[in-house]
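**Student:** My structure is stored as protein_3.pdb, with PDB, C-alpha atoms.
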```
ATOM      1  CA  MET L   1     131.525  34.302   9.207
ATOM      2  CA  LYS L   2     130.635  31.772  11.859
ATOM      3  CA  TYR L   3     127.187  30.839  13.094
ATOM      4  CA  LYS L   4     125.494  28.377  15.415
ATOM      5  CA  VAL L   5     121.888  27.608  16.281
ATOM      6  CA  GLY L   6     120.983  26.708  19.850
ATOM      7  CA  GLY L   7     117.302  26.277  20.662
ATOM      8  CA  ASN L   8     115.527  29.293  19.174
ATOM      9  CA  VAL L   9     118.625  31.500  18.932
ATOM     10  CA  LEU L  10     120.990  31.986  16.015
ATOM     11  CA  MET L  11     124.380  33.414  16.958
ATOM     12  CA  VAL L  12     126.404  34.974  14.141
ATOM     13  CA  LYS L  13     129.981  36.288  14.288
ATOM     14  CA  LEU L  14     131.280  38.329  11.383
ATOM     15  CA  ASP L  15     134.944  39.286  11.071
ATOM     16  CA  ASP L  16     136.852  42.388  10.039
ATOM     17  CA  GLY L  17     136.360  43.284   6.385
ATOM     18  CA  GLU L  18     133.231  41.206   5.792
ATOM     19  CA  ASP L  19     130.196  42.826   4.205
ATOM     20  CA  PHE L  20     127.679  42.852   7.054
ATOM     21  CA  LEU L  21     124.487  42.302   5.060
ATOM     22  CA  GLU L  22     126.040  39.648   2.793
ATOM     23  CA  GLY L  23     127.404  37.770   5.813
ATOM     24  CA  LEU L  24     124.059  37.997   7.602
ATOM     25  CA  HIS L  25     122.215  36.713   4.515
ATOM     26  CA  GLU L  26     124.651  33.801   4.224
ATOM     27  CA  ALA L  27     124.276  32.817   7.897
ATOM     28  CA  LEU L  28     120.472  33.026   7.714
ATOM     29  CA  ARG L  29     120.395  30.949   4.529
ATOM     30  CA  LYS L  30     122.772  28.285   5.858
ATOM     31  CA  ALA L  31     120.902  28.079   9.181
ATOM     32  CA  GLY L  32     117.527  27.892   7.392
ATOM     33  CA  VAL L  33     116.162  30.969   9.171
ATOM     34  CA  ASN L  34     113.661  33.161   7.311
ATOM     35  CA  SER L  35     111.649  34.681  10.177
ATOM     36  CA  GLY L  36     113.290  36.208  13.210
ATOM     37  CA  VAL L  37     113.937  39.168  15.474
ATOM     38  CA  ILE L  38     117.354  40.738  16.013
ATOM     39  CA  LEU L  39     117.991  40.692  19.747
ATOM     40  CA  SER L  40     121.408  42.341  19.848
ATOM     41  CA  CYS L  41     124.585  43.127  17.947
ATOM     42  CA  ALA L  42     127.904  44.172  19.454
ATOM     43  CA  GLY L  43     130.849  45.334  17.378
ATOM     44  CA  MET L  44     131.879  48.005  14.915
ATOM     45  CA  PHE L  45     131.261  49.077  11.318
ATOM     46  CA  ARG L  46     133.119  51.163   8.762
ATOM     47  CA  ASN L  47     131.881  52.341   5.370
ATOM     48  CA  SER L  48     128.366  52.393   6.784
ATOM     49  CA  ARG L  49     125.337  53.728   4.948
ATOM     50  CA  ILE L  50     122.284  54.560   7.018
ATOM     51  CA  ALA L  51     119.117  56.269   5.899
ATOM     52  CA  PHE L  52     115.967  58.081   6.861
ATOM     53  CA  PHE L  53     112.746  57.135   5.051
ATOM     54  CA  LYS L  54     110.900  60.046   3.386
ATOM     55  CA  GLY L  55     108.833  58.098   0.873
ATOM     56  CA  GLU L  56     112.193  56.792  -0.289
ATOM     57  CA  TYR L  57     115.451  56.274   1.566
ATOM     58  CA  ALA L  58     117.690  59.331   1.927
ATOM     59  CA  GLY L  59     121.044  57.773   2.759
ATOM     60  CA  ARG L  60     124.190  59.129   4.350
ATOM     61  CA  ASP L  61     127.651  57.530   4.257
ATOM     62  CA  PHE L  62     129.921  57.139   7.273
ATOM     63  CA  PRO L  63     133.348  55.915   6.107
ATOM     64  CA  GLU L  64     135.044  56.095   9.537
ATOM     65  CA  PRO L  65     134.906  53.227  12.082
ATOM     66  CA  MET L  66     131.888  53.498  14.367
ATOM     67  CA  GLU L  67     130.701  51.495  17.373
ATOM     68  CA  ILE L  68     127.401  49.649  17.078
ATOM     69  CA  VAL L  69     125.509  51.159  20.006
ATOM     70  CA  SER L  70     122.193  49.532  19.169
ATOM     71  CA  MET L  71     120.676  47.318  16.493
ATOM     72  CA  GLU L  72     117.135  46.098  16.150
ATOM     73  CA  GLY L  73     114.943  44.750  13.437
ATOM     74  CA  ASN L  74     113.404  41.654  11.978
ATOM     75  CA  ILE L  75     114.005  39.005   9.350
ATOM     76  CA  ALA L  76     111.208  38.207   6.888
ATOM     77  CA  LEU L  77     110.703  36.663   3.480
ATOM     78  CA  SER L  78     109.945  38.873   0.497
ATOM     79  CA  GLU L  79     107.306  37.949  -2.043
ATOM     80  CA  ASP L  80     109.962  36.452  -4.316
ATOM     81  CA  GLY L  81     111.156  34.141  -1.519
ATOM     82  CA  LYS L  82     114.348  36.063  -0.660
ATOM     83  CA  ILE L  83     115.409  36.824   2.898
ATOM     84  CA  PHE L  84     114.521  40.428   3.777
ATOM     85  CA  PRO L  85     116.258  41.892   6.855
ATOM     86  CA  HIS L  86     114.770  45.184   8.083
ATOM     87  CA  ILE L  87     117.448  46.656  10.350
ATOM     88  CA  HIS L  88     117.767  49.918  12.249
ATOM     89  CA  VAL L  89     121.025  50.928  13.930
ATOM     90  CA  CYS L  90     122.495  53.554  16.163
ATOM     91  CA  LEU L  91     126.216  54.047  15.525
ATOM     92  CA  ALA L  92     128.595  56.192  17.587
ATOM     93  CA  ASP L  93     131.644  57.899  16.144
ATOM     94  CA  GLU L  94     134.967  58.492  17.926
ATOM     95  CA  SER L  95     133.619  61.631  19.621
ATOM     96  CA  GLN L  96     130.696  59.501  20.874
ATOM     97  CA  GLU L  97     128.149  61.327  18.745
ATOM     98  CA  ALA L  98     125.338  58.999  17.697
ATOM     99  CA  HIS L  99     123.848  58.572  14.230
ATOM    100  CA  GLY L 100     120.881  56.340  13.556
ATOM    101  CA  GLY L 101     118.524  55.062  10.940
ATOM    102  CA  HIS L 102     117.810  52.235   8.525
ATOM    103  CA  LEU L 103     120.948  50.209   7.734
ATOM    104  CA  LEU L 104     121.585  50.120   3.978
ATOM    105  CA  GLY L 105     125.071  48.623   4.171
ATOM    106  CA  ALA L 106     128.290  48.364   6.169
ATOM    107  CA  THR L 107     131.647  46.663   6.369
ATOM    108  CA  VAL L 108     132.496  44.923   9.638
ATOM    109  CA  HIS L 109     135.303  46.671  11.533
ATOM    110  CA  ASN L 110     136.973  44.233  13.966
ATOM    111  CA  THR L 111     133.846  42.161  14.682
ATOM    112  CA  ALA L 112     130.055  42.083  14.661
ATOM    113  CA  GLU L 113     128.362  39.585  16.982
ATOM    114  CA  LEU L 114     124.620  39.074  16.546
ATOM    115  CA  ALA L 115     121.938  37.210  18.441
ATOM    116  CA  ILE L 116     118.742  36.501  16.495
ATOM    117  CA  LEU L 117     115.563  34.988  17.919
ATOM    118  CA  ILE L 118     114.282  32.392  15.444
ATOM    119  CA  LEU L 119     110.511  32.519  14.997
ATOM    120  CA  ARG L 120     109.386  28.953  14.387
ATOM    121  CA  ASP L 121     105.599  29.312  14.806
ATOM    122  CA  ILE L 122     105.314  32.799  13.323
ATOM    123  CA  ARG L 123     106.047  33.572   9.689
ATOM    124  CA  LEU L 124     107.053  37.117   8.711
ATOM    125  CA  LEU L 125     106.504  38.222   5.109
ATOM    126  CA  ARG L 126     107.223  41.503   3.305
ATOM    127  CA  LYS L 127     104.567  42.314   0.720
ATOM    128  CA  LYS L 128     104.265  45.319  -1.556
ATOM    129  CA  THR L 129     100.971  47.175  -1.119
ATOM    130  CA  ASP L 130     100.435  50.319  -3.182
ATOM    131  CA  SER L 131     103.695  52.267  -2.781
ATOM    132  CA  ARG L 132     104.994  50.598   0.402
ATOM    133  CA  VAL L 133     106.403  47.310   1.538
ATOM    134  CA  GLU L 134     104.513  46.110   4.619
ATOM    135  CA  LEU L 135     105.184  43.406   7.150
ATOM    136  CA  GLN L 136     102.622  40.599   7.161
ATOM    137  CA  ILE L 137     102.444  38.279  10.186
ATOM    138  CA  GLU L 138     101.187  34.743   9.654
TER
END
```
Could you rewrite the structure in this file as structure tokens?
**Tutor:**
Amino acid sequence: MKYKVGGNVLMVKLDDGEDFLEGLHEALRKAGVNSGVILSCAGMFRNSRIAFFKGEYAGRDFPEPMEIVSMEGNIALSEDGKIFPHIHVCLADESQEAHGGHLLGATVHNTAELAILILRDIRLLRKKTDSRVELQIE
């Protein structure tokens, strides 16, 4: 994992075999970023798990390498002070069929190159209310 901050942008490059979410957490922690917006991500995943939310996450595994067609989401702090990325992806398989949903996990295949807008004057928090976890903007 490599990262660099320039102005209000954090660039992160993850290499083949790295756990995507662990690498992202490490880069965010080291760069001191706890509120942000994912601008883009180019690369590939394997051993991906994406889900659809139906009151709880119904996940599906995709072991084969897939291209990251789109990624969006935000970075917030949870109530216990941990970094909480909320990420949605669209992944395309070798036949160029797309699969999308909430990213639960993935291993980087070849590379994953992210650009994250750092929010310096806006604080994003994830708070549990009733049975959901909601985004609070401060």
**Student:** Pick from L:Ile68, L:Ile83, L:Val108, L:Met44: nearest to Ala27 (chain L), with only C-alpha atoms counted?
**Tutor:**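 Selected residue with least distance to Ala27 (chain L): L:Ile83.
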**Student:** Using all atoms listed in the file, find the one residue out of L:Arg29, L:His99, L:Arg46, L:Arg132 that sits nearest to Phe84 (chain L).
**Tutor:**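 For Phe84 (chain L), the nearest of the given residues is L:Arg29.
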**Student:** Taking the file as shown, what set of residues would the PyMOL selection byres ((chain L and resi 61) around 6) give back, as an MDAnalysis selection string?
**Tutor:** chainID L and resid 48:49 60 62
**Student:** Run through the PyMOL selection byres ((chain L and resi 32) around 12) on the given coordinates and return the selected residues as an mmCIF file with C-alpha atoms, in the coordinates of the input.
**Tutor:**
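Dumped everything to part.cif:
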```
data_model
loop_
_atom_site.group_PDB
_atom_site.id
_atom_site.type_symbol
_atom_site.label_atom_id
_atom_site.label_comp_id
_atom_site.auth_asym_id
_atom_site.auth_seq_id
_atom_site.Cartn_x
_atom_site.Cartn_y
_atom_site.Cartn_z
ATOM 1 C CA TYR L 3 127.187 30.839 13.094
ATOM 2 C CA LYS L 4 125.494 28.377 15.415
ATOM 3 C CA VAL L 5 121.888 27.608 16.281
ATOM 4 C CA LEU L 10 120.990 31.986 16.015
ATOM 5 C CA HIS L 25 122.215 36.713 4.515
ATOM 6 C CA GLU L 26 124.651 33.801 4.224
ATOM 7 C CA ALA L 27 124.276 32.817 7.897
ATOM 8 C CA LEU L 28 120.472 33.026 7.714
ATOM 9 C CA ARG L 29 120.395 30.949 4.529
ATOM 10 C CA LYS L 30 122.772 28.285 5.858
ATOM 11 C CA ALA L 31 120.902 28.079 9.181
ATOM 12 C CA VAL L 33 116.162 30.969 9.171
ATOM 13 C CA ASN L 34 113.661 33.161 7.311
ATOM 14 C CA SER L 35 111.649 34.681 10.177
ATOM 15 C CA GLY L 36 113.290 36.208 13.210
ATOM 16 C CA ILE L 75 114.005 39.005 9.350
ATOM 17 C CA LEU L 77 110.703 36.663 3.480
ATOM 18 C CA LYS L 82 114.348 36.063 -0.660
ATOM 19 C CA ILE L 83 115.409 36.824 2.898
ATOM 20 C CA ILE L 118 114.282 32.392 15.444
ATOM 21 C CA LEU L 119 110.511 32.519 14.997
ATOM 22 C CA ARG L 120 109.386 28.953 14.387
#
```
**Student:** Please determine, counting all atoms listed in the file, which residue among L:Lys128, L:Glu18, L:Phe45, L:Asp121 has the shortest atom-to-atom distance to Ala92 (chain L).
**Tutor:**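 Among L:Lys128, L:Glu18, L:Phe45, L:Asp121, it is L:Phe45 that comes nearest to Ala92 (chain L).
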**Student:** Find the spatial neighbours of Thr107 (chain L), counting all atoms listed in the file, within a cut-off of 12 Å - ignore same-chain residues fewer than 2 positions away - and output them as a VMD selection string.
**Tutor:** chain L and resid 14 to 24 43 to 49 61 to 66 68 103 to 105 109 to 112
**Student:** Would you mind reading off the distance between CA of Gly81 (chain L) and CA of Val12 (chain L), one decimal, in Å?
**Tutor:** 21.9 Å
**Student:** Please provide the set of residues having any atom within 9 Å of Asn74 (chain L), restricted to only C-alpha atoms, with same-chain residues fewer than 2 positions apart removed, written as a PyMOL selection string.
**Tutor:** chain L and resi 35-38+72+76+84-87+116+124
**Student:** Create the file for the chosen residues now, containing C-alpha atoms and written as a PDB file, keeping the file's coordinate frame.
**Tutor:**
```pdb
ATOM      1  CA  SER L  35     111.649  34.681  10.177  1.00  0.00           C
ATOM      2  CA  GLY L  36     113.290  36.208  13.210  1.00  0.00           C
ATOM      3  CA  VAL L  37     113.937  39.168  15.474  1.00  0.00           C
ATOM      4  CA  ILE L  38     117.354  40.738  16.013  1.00  0.00           C
ATOM      5  CA  GLU L  72     117.135  46.098  16.150  1.00  0.00           C
ATOM      6  CA  ALA L  76     111.208  38.207   6.888  1.00  0.00           C
ATOM      7  CA  PHE L  84     114.521  40.428   3.777  1.00  0.00           C
ATOM      8  CA  PRO L  85     116.258  41.892   6.855  1.00  0.00           C
ATOM      9  CA  HIS L  86     114.770  45.184   8.083  1.00  0.00           C
ATOM     10  CA  ILE L  87     117.448  46.656  10.350  1.00  0.00           C
ATOM     11  CA  ILE L 116     118.742  36.501  16.495  1.00  0.00           C
ATOM     12  CA  LEU L 124     107.053  37.117   8.711  1.00  0.00           C
TER      13      LEU L 124
END
```
**Student:** Box along x, y and z, 6 Å on every side, all listed atoms of region 125-129 of chain L inside: centre and edge lengths in Å to one decimal, as lines of an AutoDock Vina configuration file.
**Tutor:**
```
center_x = 104.1
center_y = 42.7
center_z = 1.8
size_x = 18.3
size_y = 21.0
size_z = 18.7
```
**Student:** Apply the PyMOL selection byres ((chain L and resi 40) around 7) to the structure shown and report the selected residues as a list in words.
**Tutor:**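 On this input, the PyMOL selection byres ((chain L and resi 40) around 7) captures Ile38, Leu39, Cys41, Ala42, Met71, Glu72, Leu114 and Ala115 of chain L.
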**Student:** Write out the residues from the selection above, keeping C-alpha atoms, as a short mmCIF file (atom, residue, chain, number, x, y, z; two decimals), keeping the file's coordinate frame.
**Tutor:**
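Below you can see result.cif, which holds the result:
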```cif
data_model
loop_
_atom_site.label_atom_id
_atom_site.label_comp_id
_atom_site.auth_asym_id
_atom_site.auth_seq_id
_atom_site.Cartn_x
_atom_site.Cartn_y
_atom_site.Cartn_z
CA ILE L 38 117.35 40.74 16.01
CA LEU L 39 117.99 40.69 19.75
CA CYS L 41 124.58 43.13 17.95
CA ALA L 42 127.90 44.17 19.45
CA MET L 71 120.68 47.32 16.49
CA GLU L 72 117.14 46.10 16.15
CA LEU L 114 124.62 39.07 16.55
CA ALA L 115 121.94 37.21 18.44
#
```
